[in-house]
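Shown next: start_11.pdb, given as PDB, C-alpha atoms and all ligand atoms.
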ATOM      1  CA  MET I 180     -26.695  21.816 -33.129
ATOM      2  CA  MET I 181     -29.617  19.642 -32.064
ATOM      3  CA  VAL I 182     -32.415  20.715 -29.727
ATOM      4  CA  GLY I 183     -34.413  17.565 -29.136
ATOM      5  CA  THR I 184     -35.242  16.470 -32.680
ATOM      6  CA  THR I 185     -34.778  19.949 -34.177
ATOM      7  CA  ARG I 186     -31.574  20.760 -36.021
ATOM      8  CA  TRP I 187     -30.516  24.407 -35.601
ATOM      9  CA  ASP I 188     -27.798  25.813 -37.891
ATOM     10  CA  VAL I 189     -26.201  29.224 -38.257
ATOM     11  CA  VAL I 190     -24.883  29.791 -41.789
ATOM     12  CA  THR I 191     -23.595  32.551 -44.038
ATOM     13  CA  GLY I 192     -25.479  33.030 -47.279
ATOM     14  CA  ASP I 193     -28.360  34.456 -49.252
ATOM     15  CA  ILE I 194     -31.699  33.580 -47.680
ATOM     16  CA  THR I 195     -33.487  33.869 -51.044
ATOM     17  CA  ARG I 196     -31.706  30.654 -52.079
ATOM     18  CA  CYS I 197     -32.911  28.580 -49.120
ATOM     19  CA  ALA I 198     -35.126  25.642 -50.102
ATOM     20  CA  VAL I 199     -37.032  25.423 -46.827
ATOM     21  CA  ASP I 200     -40.743  25.405 -45.983
ATOM     22  CA  ALA I 201     -40.644  29.131 -45.149
ATOM     23  CA  ILE I 202     -38.152  31.968 -45.174
ATOM     24  CA  VAL I 203     -38.727  34.950 -42.906
ATOM     25  CA  ILE I 204     -38.543  38.436 -44.397
ATOM     26  CA  ALA I 205     -37.481  41.490 -42.350
ATOM     27  CA  ALA I 206     -40.195  43.779 -43.688
ATOM     28  CA  ASN I 207     -41.666  47.174 -42.764
ATOM     29  CA  ASN I 208     -45.200  47.947 -41.553
ATOM     30  CA  SER I 209     -46.556  48.312 -45.098
ATOM     31  CA  LEU I 210     -45.352  44.837 -46.221
ATOM     32  CA  LEU I 211     -44.970  46.451 -49.648
ATOM     33  CA  GLY I 212     -41.236  45.912 -50.074
ATOM     34  CA  GLY I 213     -38.108  47.931 -49.393
ATOM     35  CA  GLY I 214     -34.339  47.513 -49.463
ATOM     36  CA  GLY I 215     -32.050  44.959 -47.805
ATOM     37  CA  VAL I 216     -33.285  41.423 -47.386
ATOM     38  CA  ASP I 217     -36.863  42.586 -48.097
ATOM     39  CA  GLY I 218     -35.919  43.886 -51.556
ATOM     40  CA  ALA I 219     -33.858  40.782 -52.314
ATOM     41  CA  ILE I 220     -36.766  38.468 -51.430
ATOM     42  CA  HIS I 221     -39.295  40.453 -53.489
ATOM     43  CA  ARG I 222     -36.937  40.458 -56.502
ATOM     44  CA  ALA I 223     -36.410  36.711 -56.241
ATOM     45  CA  ALA I 224     -40.085  35.854 -55.609
ATOM     46  CA  GLY I 225     -41.437  37.996 -58.460
ATOM     47  CA  PRO I 226     -44.419  40.399 -58.629
ATOM     48  CA  ASP I 227     -47.043  37.927 -57.389
ATOM     49  CA  LEU I 228     -45.583  38.235 -53.883
ATOM     50  CA  LEU I 229     -46.207  41.987 -53.844
ATOM     51  CA  ALA I 230     -49.724  41.428 -55.162
ATOM     52  CA  GLU I 231     -50.520  39.055 -52.289
ATOM     53  CA  CYS I 232     -48.951  41.501 -49.793
ATOM     54  CA  ARG I 233     -51.222  44.307 -51.046
ATOM     55  CA  GLY I 234     -54.197  42.255 -49.945
ATOM     56  CA  ILE I 235     -52.866  41.877 -46.379
ATOM     57  CA  GLY I 236     -52.963  45.577 -45.482
ATOM     58  CA  GLY I 237     -49.769  45.824 -43.449
ATOM     59  CA  CYS I 238     -48.487  44.340 -40.213
ATOM     60  CA  PRO I 239     -47.760  45.840 -36.763
ATOM     61  CA  THR I 240     -44.183  45.799 -35.459
ATOM     62  CA  GLY I 241     -43.418  42.528 -33.664
ATOM     63  CA  GLU I 242     -46.097  40.530 -35.494
ATOM     64  CA  ALA I 243     -45.944  38.308 -38.579
ATOM     65  CA  ARG I 244     -48.024  37.430 -41.657
ATOM     66  CA  ILE I 245     -47.687  34.584 -44.162
ATOM     67  CA  THR I 246     -47.822  34.420 -47.964
ATOM     68  CA  ARG I 247     -46.869  31.921 -50.652
ATOM     69  CA  GLY I 248     -43.257  31.897 -51.889
ATOM     70  CA  TYR I 249     -43.986  32.120 -55.637
ATOM     71  CA  ARG I 250     -40.666  31.896 -57.585
ATOM     72  CA  LEU I 251     -38.593  31.313 -54.449
ATOM     73  CA  PRO I 252     -37.324  27.844 -53.634
ATOM     74  CA  ALA I 253     -39.091  28.325 -50.272
ATOM     75  CA  ARG I 254     -42.800  27.381 -50.309
ATOM     76  CA  TYR I 255     -43.894  30.219 -48.032
ATOM     77  CA  VAL I 256     -42.695  33.628 -46.868
ATOM     78  CA  ILE I 257     -43.303  34.777 -43.312
ATOM     79  CA  HIS I 258     -43.268  38.577 -43.202
ATOM     80  CA  THR I 259     -42.310  40.075 -39.872
ATOM     81  CA  VAL I 260     -41.607  43.667 -38.868
ATOM     82  CA  GLY I 261     -38.670  44.229 -36.565
ATOM     83  CA  PRO I 262     -38.332  47.296 -34.330
ATOM     84  CA  ILE I 263     -36.315  50.331 -35.386
ATOM     85  CA  TRP I 264     -33.508  50.745 -32.822
ATOM     86  CA  GLN I 265     -34.128  53.926 -30.811
ATOM     87  CA  GLY I 266     -31.576  53.434 -28.054
ATOM     88  CA  GLY I 267     -33.062  50.370 -26.345
ATOM     89  CA  ASN I 268     -35.708  51.938 -24.072
ATOM     90  CA  GLN I 269     -38.630  51.792 -26.474
ATOM     91  CA  GLY I 270     -39.474  48.118 -26.073
ATOM     92  CA  GLU I 271     -37.101  47.083 -28.865
ATOM     93  CA  ARG I 272     -36.027  43.862 -27.162
ATOM     94  CA  GLY I 273     -39.575  42.578 -26.578
ATOM     95  CA  LEU I 274     -40.638  43.520 -30.092
ATOM     96  CA  LEU I 275     -37.651  41.752 -31.667
ATOM     97  CA  ALA I 276     -38.240  38.604 -29.572
ATOM     98  CA  SER I 277     -41.867  38.688 -30.608
ATOM     99  CA  CYS I 278     -40.874  38.719 -34.326
ATOM    100  CA  TYR I 279     -39.206  35.333 -33.822
ATOM    101  CA  SER I 280     -41.914  33.816 -31.611
ATOM    102  CA  HIS I 281     -44.789  35.059 -33.820
ATOM    103  CA  SER I 282     -43.035  33.780 -36.936
ATOM    104  CA  LEU I 283     -42.578  30.350 -35.391
ATOM    105  CA  SER I 284     -46.154  30.137 -34.161
ATOM    106  CA  LEU I 285     -47.421  31.038 -37.640
ATOM    107  CA  ALA I 286     -45.134  28.374 -39.094
ATOM    108  CA  ARG I 287     -46.339  25.770 -36.609
ATOM    109  CA  HIS I 288     -49.951  26.680 -37.328
ATOM    110  CA  HIS I 289     -49.306  25.956 -41.037
ATOM    111  CA  CYS I 290     -47.355  22.759 -40.271
ATOM    112  CA  LEU I 291     -44.151  24.241 -41.744
ATOM    113  CA  ARG I 292     -41.198  22.393 -40.250
ATOM    114  CA  ALA I 293     -38.076  23.963 -41.813
ATOM    115  CA  ILE I 294     -37.722  27.731 -41.304
ATOM    116  CA  ALA I 295     -34.921  30.168 -42.237
ATOM    117  CA  PHE I 296     -34.509  33.523 -40.447
ATOM    118  CA  PRO I 297     -32.395  36.544 -41.432
ATOM    119  CA  ALA I 298     -30.828  38.781 -38.766
ATOM    120  CA  ILE I 299     -34.002  40.853 -38.291
ATOM    121  CA  SER I 300     -33.543  44.599 -37.549
ATOM    122  CA  THR I 301     -29.727  44.505 -37.806
ATOM    123  CA  GLY I 302     -29.499  46.362 -41.144
ATOM    124  CA  VAL I 303     -31.435  49.538 -41.932
ATOM    125  CA  TYR I 304     -33.257  49.336 -38.568
ATOM    126  CA  GLY I 305     -29.951  49.665 -36.690
ATOM    127  CA  TYR I 306     -30.363  47.138 -33.854
ATOM    128  CA  PRO I 307     -26.898  46.430 -32.361
ATOM    129  CA  LYS I 308     -25.895  43.104 -33.871
ATOM    130  CA  GLY I 309     -24.600  41.379 -30.729
ATOM    131  CA  GLN I 310     -27.726  42.262 -28.770
ATOM    132  CA  ALA I 311     -30.006  41.275 -31.648
ATOM    133  CA  ALA I 312     -28.276  37.888 -31.863
ATOM    134  CA  LYS I 313     -28.926  37.201 -28.167
ATOM    135  CA  VAL I 314     -32.582  38.185 -28.381
ATOM    136  CA  ALA I 315     -33.062  36.061 -31.510
ATOM    137  CA  ALA I 316     -31.381  32.983 -30.055
ATOM    138  CA  ARG I 317     -33.235  33.189 -26.734
ATOM    139  CA  ALA I 318     -36.614  33.674 -28.405
ATOM    140  CA  VAL I 319     -36.101  30.680 -30.698
ATOM    141  CA  ALA I 320     -34.702  28.505 -27.895
ATOM    142  CA  GLU I 321     -37.794  29.271 -25.794
ATOM    143  CA  ALA I 322     -40.118  28.443 -28.680
ATOM    144  CA  LEU I 323     -38.318  25.129 -29.251
ATOM    145  CA  ARG I 324     -38.549  24.264 -25.560
ATOM    146  CA  ARG I 325     -42.254  25.079 -25.588
ATOM    147  CA  ASP I 326     -42.881  23.049 -28.740
ATOM    148  CA  PRO I 327     -40.220  20.351 -28.951
ATOM    149  CA  ASP I 328     -41.867  18.406 -31.795
ATOM    150  CA  ALA I 329     -42.938  21.267 -34.049
ATOM    151  CA  PHE I 330     -39.826  21.813 -36.209
ATOM    152  CA  ASP I 331     -37.232  19.747 -38.072
ATOM    153  CA  HIS I 332     -34.809  22.512 -39.024
ATOM    154  CA  ILE I 333     -34.203  26.115 -37.976
ATOM    155  CA  LEU I 334     -31.658  28.125 -39.962
ATOM    156  CA  PHE I 335     -30.204  31.502 -39.020
ATOM    157  CA  VAL I 336     -28.945  32.862 -42.352
ATOM    158  CA  CYS I 337     -26.418  35.662 -41.889
ATOM    159  CA  PHE I 338     -25.158  37.831 -44.695
ATOM    160  CA  ASP I 339     -21.642  38.281 -43.354
ATOM    161  CA  GLU I 340     -19.220  36.354 -41.204
ATOM    162  CA  ASP I 341     -19.259  38.848 -38.321
ATOM    163  CA  ASN I 342     -22.958  38.280 -37.868
ATOM    164  CA  ARG I 343     -22.527  34.544 -38.369
ATOM    165  CA  ASP I 344     -20.061  34.405 -35.460
ATOM    166  CA  LEU I 345     -22.331  36.511 -33.230
ATOM    167  CA  TYR I 346     -25.436  34.413 -33.963
ATOM    168  CA  ASP I 347     -23.490  31.172 -33.588
ATOM    169  CA  ALA I 348     -22.214  32.203 -30.145
ATOM    170  CA  ALA I 349     -25.672  33.426 -29.124
ATOM    171  CA  VAL I 350     -27.294  30.112 -30.101
ATOM    172  CA  ARG I 351     -24.720  28.164 -28.092
ATOM    173  CA  ASP I 352     -25.311  30.413 -25.058
ATOM    174  CA  ALA I 353     -29.076  30.160 -25.357
ATOM    175  CA  LEU I 354     -28.890  26.372 -25.526
ATOM    176  CA  ALA I 355     -26.567  26.278 -22.531
ATOM    177  CA  GLY I 356     -29.342  28.160 -20.697
ATOM    178  CA  ASP I 357     -27.211  31.270 -20.319
TER     179      ASP I 357
HETATM  180  N1  LIG E   1     -29.916  37.057 -47.187
HETATM  181  C1  LIG E   1     -29.673  37.074 -45.858
HETATM  182  N2  LIG E   1     -29.476  38.211 -45.158
HETATM  183  C2  LIG E   1     -29.516  39.381 -45.839
HETATM  184  C3  LIG E   1     -29.765  39.456 -47.241
HETATM  185  C4  LIG E   1     -29.958  38.216 -47.919
HETATM  186  N3  LIG E   1     -30.209  38.170 -49.235
HETATM  187  N4  LIG E   1     -29.740  40.781 -47.605
HETATM  188  C5  LIG E   1     -29.467  41.499 -46.483
HETATM  189  N5  LIG E   1     -29.326  40.666 -45.427
HETATM  190  P1  LIG E   1     -32.260  44.710 -43.438
HETATM  191  P2  LIG E   1     -33.914  45.466 -41.112
HETATM  192  C6  LIG E   1     -29.055  40.987 -44.008
HETATM  193  O1  LIG E   1     -31.791  46.115 -43.598
HETATM  194  O2  LIG E   1     -32.733  46.015 -40.388
HETATM  195  C7  LIG E   1     -36.050  47.096 -45.591
HETATM  196  O3  LIG E   1     -36.004  48.229 -46.414
HETATM  197  C8  LIG E   1     -28.422  42.311 -43.694
HETATM  198  O4  LIG E   1     -27.006  42.242 -43.822
HETATM  199  O5  LIG E   1     -32.669  43.954 -44.651
HETATM  200  O6  LIG E   1     -34.883  44.598 -40.352
HETATM  201  C9  LIG E   1     -37.465  46.815 -45.062
HETATM  202  O7  LIG E   1     -38.451  47.141 -46.006
HETATM  203  C10 LIG E   1     -28.818  42.516 -42.227
HETATM  204  O8  LIG E   1     -27.907  41.841 -41.348
HETATM  205  O9  LIG E   1     -33.558  44.633 -42.426
HETATM  206  C11 LIG E   1     -37.525  47.686 -43.857
HETATM  207  O10 LIG E   1     -37.896  49.014 -44.200
HETATM  208  C12 LIG E   1     -30.178  41.798 -42.126
HETATM  209  O11 LIG E   1     -30.318  41.060 -43.342
HETATM  210  C13 LIG E   1     -36.142  47.674 -43.314
HETATM  211  O12 LIG E   1     -35.284  47.367 -44.426
HETATM  212  C14 LIG E   1     -31.356  42.720 -41.960
HETATM  213  O13 LIG E   1     -31.113  43.932 -42.643
HETATM  214  C15 LIG E   1     -35.938  46.574 -42.284
HETATM  215  O14 LIG E   1     -34.676  46.723 -41.700
END
Just give me the structure as structure tokens.
Amino acid sequence: MMVGTTRWDVVTGDITRCAVDAIVIAANNSLLGGGGVDGAIHRAAGPDLLAECRGIGGCPTGEARITRGYRLPARYVIHTVGPIWQGGNQGERGLLASCYSHSLSLARHHCLRAIAFPAISTGVYGYPKGQAAKVAARAVAEALRRDPDAFDHILFVCFDEDNRDLYDAAVRDALAGD
């Protein structure tokens, strides 16, 4: 799909293999690694990534930090911390939207034009996948409307086809202004 001059794709795959300017990592507040997509990215990037993360000193939920990509094909890693799902009345939606908008503003600030996102918070953190897809798509659509010239390519990289279908539908809805 095109949004102005930005191409926006939803794909199935392994985000550690994406040769983009930056991949986004669904981290925890320590930024010192974990399971899921976080563990996969640290394994693929090598120990220098963890060493740089140690110097950052953590990250609040809903915010983002940037490091180099080391052995990854991506030049940079944007570390963001999604909310843990607690039933939906603890600000989860705003925090998840802010992961996407903070990540994109960091990317723009560093002139990074091709960005790949995983389905933040939908694994260990338990955010219902359909709702997470809508929040993600709306937050990115808003950022692209605000900054129509900032990005060449946005990728939503899903690990399974169920999520791929949910994120694909959510992107179409968000672009239709739904
Ligand atoms: N590429 C793309 N997506 C992936 C990959 C991959 N290589 N591996 C998993 N996913 P999760 P969260 C999908 O649990 O819910 C970590 O321990 C996965 O199927 O990685 O934000 C952190 O340190 C799911 O849809 O992240 C935190 O403690 C999505 O990525 C905590 O997990 C996110 O699942 C963060 O939990």
Item to complete: Could you pull out the residues sitting within 7 Å of ligand LIG 1 (chain E), using only C-alpha atoms and all ligand atoms, and write them as JSON, numbers by chain?
Response: {"I": [192, 193, 194, 195, 205, 206, 207, 212, 213, 214, 215, 216, 217, 218, 219, 220, 260, 261, 297, 298, 299, 300, 301, 302, 303, 304, 305, 336, 337, 338, 339]}
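With distances restricted to only C-alpha atoms, I:Pro307 is the closest residue to Ile263 in chain I from I:Gly225, I:Gly237, I:Gly248, I:Pro307.
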Item to complete: Write out as a ChimeraX atom specification each polymer residue whose atoms come within 12 Å of Thr246 in chain I, counting all atoms listed in the file; drop sequence neighbours fewer than 4 positions from it.
Response: /I:200-204,210,221,224,227-235,251,253-259,285-286,289
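Shortest separation to Ala320 in chain I among I:Asn268, I:Ser209, I:Ser280, I:Thr191 occurs at residue I:Ser280, atoms counted being all atoms listed in the file.
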Practice prompt. Run the PyMOL selection byres (((chain I and resi 341-352) around 6) and not hetatm) on the file and write out the hits as a list of chain:residue names.
Written response: I:Val189, I:Gly309, I:Ala312, I:Lys313, I:Ala316, I:Cys337, I:Asp339, I:Glu340, I:Ala353, I:Leu354, I:Ala355, I:Asp357
Worksheet entry | Length of the CA of Cys290 in chain I to CA of Glu271 in chain I vector [Å] | 28.8 Å
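Here the PyMOL selection byres (((chain I and resi 329) around 7) and not hetatm) matches the residues Arg287, Arg292, Asp326, Pro327, Asp328 and Phe330 of chain I.
Closest approach to Ala276 in chain I among I:Leu291, I:Ala322, I:Pro252, I:Arg244 is made by I:Ala322 (distances from all atoms listed in the file).
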Worksheet item: Of the candidates I:Phe296, I:Trp264, I:Tyr249, I:Tyr279, which shows the shortest atom-to-atom distance to Gln310 in chain I, using only C-alpha atoms?
Response: I:Trp264
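Taking CA of Thr240 in chain I and CA of Gly356 in chain I as endpoints, the distance between them is 27.4 Å.
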Worksheet item: Using only C-alpha atoms, which of I:Leu211, I:Val182, I:Ala223, I:Ala295 sits nearest Arg250 in chain I?
Response: I:Ala223
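With all atoms listed in the file as the atoms that count, the residue of I:Ile245, I:Val319, I:Ala293, I:Leu334 with the shortest distance to Ser277 in chain I is I:Val319.
For the atom pair formed by CA of Leu283 in chain I and CA of Ile333 in chain I, the distance is 9.7 Å, given to one decimal.
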